[in-house]
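Colleague: Please read through the structure below; I'll follow up with questions.
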Amino acid sequence: MIGAATGVRIGITGLGTHVPDRVLTNAELALMVDTSDEWIVERTGIRERRIAAEDEALTDIARPAVQEALADAGVEAAEIDLLICATVTPDMMFPTSSALLADELGMPKAAAYDLLAGCTGFVYAVAQAYAMLSCGLSRRALVVGGDVLSKILDWDDRSTLILFGDGAGAVVMERVEQGGFLGFELGADGGGGEHLWLPGSGSRHFENPDAHVKMNGREVFKFATRIMVYSAEQVLSECGKTVEDVDVYIPHQANKRIIDYAVGKLGIPPEKTVVNVDRFGNTSSGSIPLALADARAERRLRDGALVLMTGMGAGLTWGSALIEWTNGRPR
């Protein structure tokens with residue numbers, strides 16, 4: 001699915017992030033499984049990640065991110081009429097984490113639902129919020145992207161344990177005077193779903209499921225390096241833009257080697273690319289908003305900057321969003 005914006009200007013007016021306090025380094029992992037800091041850095045670029053405490057669930061790490069995003073936008077919680085929470089690790093299947101957040105933060109008029117699209121969840125959720133806002137069904141939306149993947153990892157499985165961390169981000173979206181989203185490209189391939197999956201987590205019967213993430217790293221790598229490039233090229237073409245027009249590239253932070261491949265294949269200069277996988281690992285739906293926050297902290301998100309965001313993950317899913325950034329006030 002691909003499409004350019006409808007002409008209604010919808011932008012991000014507030015941004016917030018949060019990660020758990022605990023830092024888990026590669027050296028600590030080397031005491032748990034057969035690995036080393038050198039091995040992990042060489043293959044993934046990851047040096048450390050954040051891990052939620054035993055009593056921390058998704059809403060616990062998402063709540064501070066939401067509060068920061070609301071304050072950044074100058075918006076009261078009660079003004080939000082749509083809340084979409086992209087996650088594969090909700091507090092529970094129901095009530096949804098979105099409904100819990102809406103209740104806890106005081107959003108009595110908000111439609112609230114969770115969205116499950118793996119690591120691409122944030123891009124999917126932003127596209128849905130854009131559609132709701134541009135057609136008038138919503139006036140002010142809140143999109144949350146976050147996961148606590150540490151809760152569903154096999155802590156004896158080196159192939160997944162080294163990759164993932166916990167974190168969350170949130171954005172307020174509304175109509176703006178200038179800039180805004182230019183277009184989106186979204187896709188899915190359920191045929192490749194078994195390469196990154198969580199058997200036994202739903203209604204399908206599996207013999208002796210352990211409810212831990214399973215991943216075929218080689219196949220996921222092949223998929224990621226192909227689709228990151230394809231999706232970015234598709235949305236740029238649809239919006240009448242080229243790689244040369246991109247000012248800030250925010251790829252999903254899954255693996256530094258995947259990012260390096262995409263940057264090289266697309267021809268995007270490394271200095272335009274945001275990379276924080278070394279500090280956070282793969283935070284799934286929290287990945288892109290965490291990288292957005294880093295881009296802002298580094299003063300890259302100036303008015304008029306063309307920002308390209310691309311994600312991919314379990315499903316298998318992928319998606320890109322192109323936005324002309326604005327730091328102006330909403331309409």
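Every chain in the structure tokens has a letter given in the order shown (A, B, ...), and although residue numbers restart at 1 in each chain, ligands are simply numbered from 1 in the order shown.
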Would you please give, as JSON, numbers by chain, all residues of range 141-277 of chain A that DSSP assigns to strand (DSSP E) based on the backbone?
Modeller: {"A": [141, 142, 143, 144, 145, 146, 147, 148, 166, 167, 168, 169, 170, 171, 172, 173, 174, 175, 180, 181, 182, 183, 184, 185, 186, 187, 188, 196, 197, 214, 215, 248, 249, 250, 251]}
Colleague: Please produce an output containing N, CA and C atoms for each residue in the selection, written as a compact mmCIF listing (two decimals), in the first residue's frame.
Modeller:
```txt
# COMPACT_ATOMS: atom_id res chain seq x y z
N ALA A 141 -4.37 13.53 17.81
CA ALA A 141 -4.07 12.11 18.04
C ALA A 141 -2.77 11.93 18.79
N LEU A 142 -2.70 10.83 19.50
CA LEU A 142 -1.48 10.44 20.21
C LEU A 142 -1.09 9.04 19.72
N VAL A 143 0.14 8.91 19.25
CA VAL A 143 0.66 7.62 18.80
C VAL A 143 1.78 7.20 19.74
N VAL A 144 1.65 6.00 20.28
CA VAL A 144 2.67 5.44 21.17
C VAL A 144 3.30 4.24 20.47
N GLY A 145 4.61 4.17 20.50
CA GLY A 145 5.32 3.00 19.99
C GLY A 145 6.26 2.51 21.06
N GLY A 146 6.11 1.27 21.48
CA GLY A 146 6.99 0.80 22.54
C GLY A 146 6.88 -0.69 22.78
N ASP A 147 7.92 -1.26 23.32
CA ASP A 147 7.93 -2.69 23.63
C ASP A 147 8.85 -2.99 24.79
N VAL A 148 8.50 -4.07 25.49
CA VAL A 148 9.36 -4.62 26.54
C VAL A 148 9.68 -6.06 26.12
N ASP A 166 14.42 -2.66 25.68
CA ASP A 166 13.10 -2.12 25.99
C ASP A 166 13.11 -0.59 25.88
N GLY A 167 12.02 -0.04 25.40
CA GLY A 167 11.92 1.42 25.28
C GLY A 167 10.61 1.82 24.64
N ALA A 168 10.27 3.10 24.77
CA ALA A 168 9.01 3.60 24.24
C ALA A 168 9.14 5.04 23.80
N GLY A 169 8.31 5.42 22.85
CA GLY A 169 8.24 6.80 22.39
C GLY A 169 6.80 7.16 22.08
N ALA A 170 6.51 8.44 22.06
CA ALA A 170 5.15 8.90 21.77
C ALA A 170 5.20 10.20 20.99
N VAL A 171 4.24 10.38 20.11
CA VAL A 171 4.13 11.64 19.36
C VAL A 171 2.69 12.12 19.38
N VAL A 172 2.52 13.44 19.47
CA VAL A 172 1.22 14.07 19.27
C VAL A 172 1.14 14.50 17.81
N MET A 173 0.03 14.19 17.16
CA MET A 173 -0.16 14.55 15.76
C MET A 173 -1.43 15.38 15.62
N GLU A 174 -1.35 16.45 14.81
CA GLU A 174 -2.50 17.31 14.56
C GLU A 174 -2.24 18.14 13.30
N ARG A 175 -3.23 18.91 12.90
CA ARG A 175 -3.08 19.76 11.72
C ARG A 175 -2.08 20.87 11.99
N GLY A 180 4.54 18.85 7.34
CA GLY A 180 3.68 17.71 7.59
C GLY A 180 4.03 16.51 6.74
N PHE A 181 3.28 15.43 6.94
CA PHE A 181 3.54 14.17 6.23
C PHE A 181 3.23 14.30 4.74
N LEU A 182 4.12 13.75 3.93
CA LEU A 182 3.97 13.78 2.48
C LEU A 182 3.46 12.47 1.91
N GLY A 183 3.73 11.35 2.60
CA GLY A 183 3.27 10.07 2.08
C GLY A 183 3.75 8.90 2.91
N PHE A 184 3.17 7.73 2.59
CA PHE A 184 3.48 6.50 3.32
C PHE A 184 3.56 5.33 2.35
N GLU A 185 4.33 4.31 2.74
CA GLU A 185 4.37 3.03 2.02
C GLU A 185 4.37 1.94 3.07
N LEU A 186 3.40 1.03 3.00
CA LEU A 186 3.26 -0.04 3.99
C LEU A 186 3.10 -1.37 3.28
N GLY A 187 3.60 -2.44 3.91
CA GLY A 187 3.44 -3.76 3.30
C GLY A 187 3.60 -4.87 4.32
N ALA A 188 3.22 -6.08 3.90
CA ALA A 188 3.32 -7.25 4.77
C ALA A 188 3.48 -8.51 3.94
N LEU A 196 10.41 -14.85 12.01
CA LEU A 196 10.47 -14.05 13.23
C LEU A 196 9.09 -14.11 13.86
N TRP A 197 8.94 -15.00 14.85
CA TRP A 197 7.60 -15.24 15.37
C TRP A 197 7.61 -15.63 16.83
N LYS A 214 11.26 -16.51 18.46
CA LYS A 214 12.08 -17.39 17.62
C LYS A 214 12.46 -16.60 16.36
N MET A 215 13.71 -16.69 15.96
CA MET A 215 14.15 -15.92 14.80
C MET A 215 15.14 -16.70 13.95
N VAL A 248 17.25 13.99 6.80
CA VAL A 248 17.44 13.12 7.95
C VAL A 248 16.85 11.76 7.64
N TYR A 249 17.65 10.72 7.78
CA TYR A 249 17.20 9.35 7.54
C TYR A 249 17.15 8.63 8.88
N ILE A 250 15.96 8.13 9.22
CA ILE A 250 15.77 7.41 10.47
C ILE A 250 15.32 5.99 10.17
N PRO A 251 16.26 5.06 10.08
CA PRO A 251 15.92 3.66 9.85
C PRO A 251 15.60 2.96 11.16
```
Colleague: Could you pull the residues within 10 Å of Leu266 in chain A, counting only C-alpha atoms, minus those fewer than 2 positions along the same chain, as number ranges by chain?
Modeller: A: 228-230, 232-233, 242-244, 260-264, 268-269
Colleague: Produce a file of the selected residues containing N, CA, C and O atoms, as a short mmCIF file (atom, residue, chain, number, x, y, z; two decimals), in the first residue's frame.
Modeller:
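Here's the written file part25.cif:
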```
data_model
loop_
_atom_site.label_atom_id
_atom_site.label_comp_id
_atom_site.auth_asym_id
_atom_site.auth_seq_id
_atom_site.Cartn_x
_atom_site.Cartn_y
_atom_site.Cartn_z
N MET A 228 14.21 -2.56 3.33
CA MET A 228 14.51 -1.20 3.78
C MET A 228 14.78 -0.28 2.60
O MET A 228 14.33 0.88 2.57
N VAL A 229 15.48 -0.81 1.62
CA VAL A 229 15.79 -0.03 0.42
C VAL A 229 14.54 0.14 -0.44
O VAL A 229 14.21 1.25 -0.88
N TYR A 230 13.83 -0.96 -0.68
CA TYR A 230 12.63 -0.92 -1.52
C TYR A 230 11.60 0.07 -0.99
O TYR A 230 11.07 0.90 -1.73
N ALA A 232 11.85 2.61 1.10
CA ALA A 232 12.30 4.00 1.03
C ALA A 232 12.20 4.54 -0.39
O ALA A 232 11.72 5.67 -0.61
N GLU A 233 12.65 3.76 -1.36
CA GLU A 233 12.60 4.21 -2.75
C GLU A 233 11.16 4.41 -3.21
O GLU A 233 10.86 5.35 -3.95
N THR A 242 13.65 12.70 -4.18
CA THR A 242 14.79 11.83 -4.43
C THR A 242 15.60 11.68 -3.14
O THR A 242 15.39 12.42 -2.17
N VAL A 243 16.53 10.76 -3.16
CA VAL A 243 17.40 10.56 -2.01
C VAL A 243 18.16 11.84 -1.68
O VAL A 243 18.40 12.15 -0.51
N GLU A 244 18.51 12.60 -2.72
CA GLU A 244 19.25 13.85 -2.50
C GLU A 244 18.44 14.87 -1.70
O GLU A 244 19.00 15.77 -1.06
N ASP A 260 23.82 0.04 7.70
CA ASP A 260 24.93 0.37 6.80
C ASP A 260 24.64 -0.06 5.37
O ASP A 260 24.96 0.66 4.41
N TYR A 261 24.02 -1.24 5.23
CA TYR A 261 23.68 -1.72 3.88
C TYR A 261 22.67 -0.77 3.23
O TYR A 261 22.83 -0.38 2.06
N ALA A 262 21.62 -0.41 3.96
CA ALA A 262 20.58 0.45 3.41
C ALA A 262 21.15 1.82 3.03
O ALA A 262 20.84 2.37 1.97
N VAL A 263 21.98 2.37 3.91
CA VAL A 263 22.59 3.67 3.64
C VAL A 263 23.43 3.62 2.37
O VAL A 263 23.36 4.51 1.52
N GLY A 264 24.22 2.55 2.23
CA GLY A 264 25.06 2.41 1.05
C GLY A 264 24.26 2.22 -0.22
O GLY A 264 24.56 2.81 -1.26
N ILE A 268 22.50 7.40 0.77
CA ILE A 268 22.31 8.45 1.76
C ILE A 268 23.60 8.62 2.55
O ILE A 268 24.14 7.66 3.10
N PRO A 269 24.13 9.84 2.65
CA PRO A 269 25.37 10.05 3.40
C PRO A 269 25.20 9.63 4.86
O PRO A 269 24.17 9.90 5.47
#
```
Colleague: Give me, as a VMD selection string, the residues of range 45-289 of chain A that a backbone DSSP run labels alpha helix (DSSP H).
Modeller: chain A and resid 58 to 73 97 to 105 121 to 134 158 to 161 217 to 238 256 to 266 277 to 280 287 to 289
Colleague: Ranking A:Thr120, A:Asn255, A:Ser36, A:Thr59 by minimum distance to Ala314 in chain A and counting only C-alpha atoms, which one comes first?
Modeller: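 That would be A:Thr120, the residue with the smallest distance to Ala314 in chain A.
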Colleague: May I have the residues within 12 Å of range 206-212 of chain A as a list in words, using only C-alpha atoms and disregarding those fewer than 4 positions away in the same chain?
Modeller: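 Non-adjacent residues within range: Thr89, Leu149, Ser150, Lys151, Ile152, Leu153, Asp154, Trp155, Asp156, Asp157, Thr160, Leu161, Leu196, Trp197, Leu198, Pro199, Gly200, Ser201 and Gly202 of chain A.
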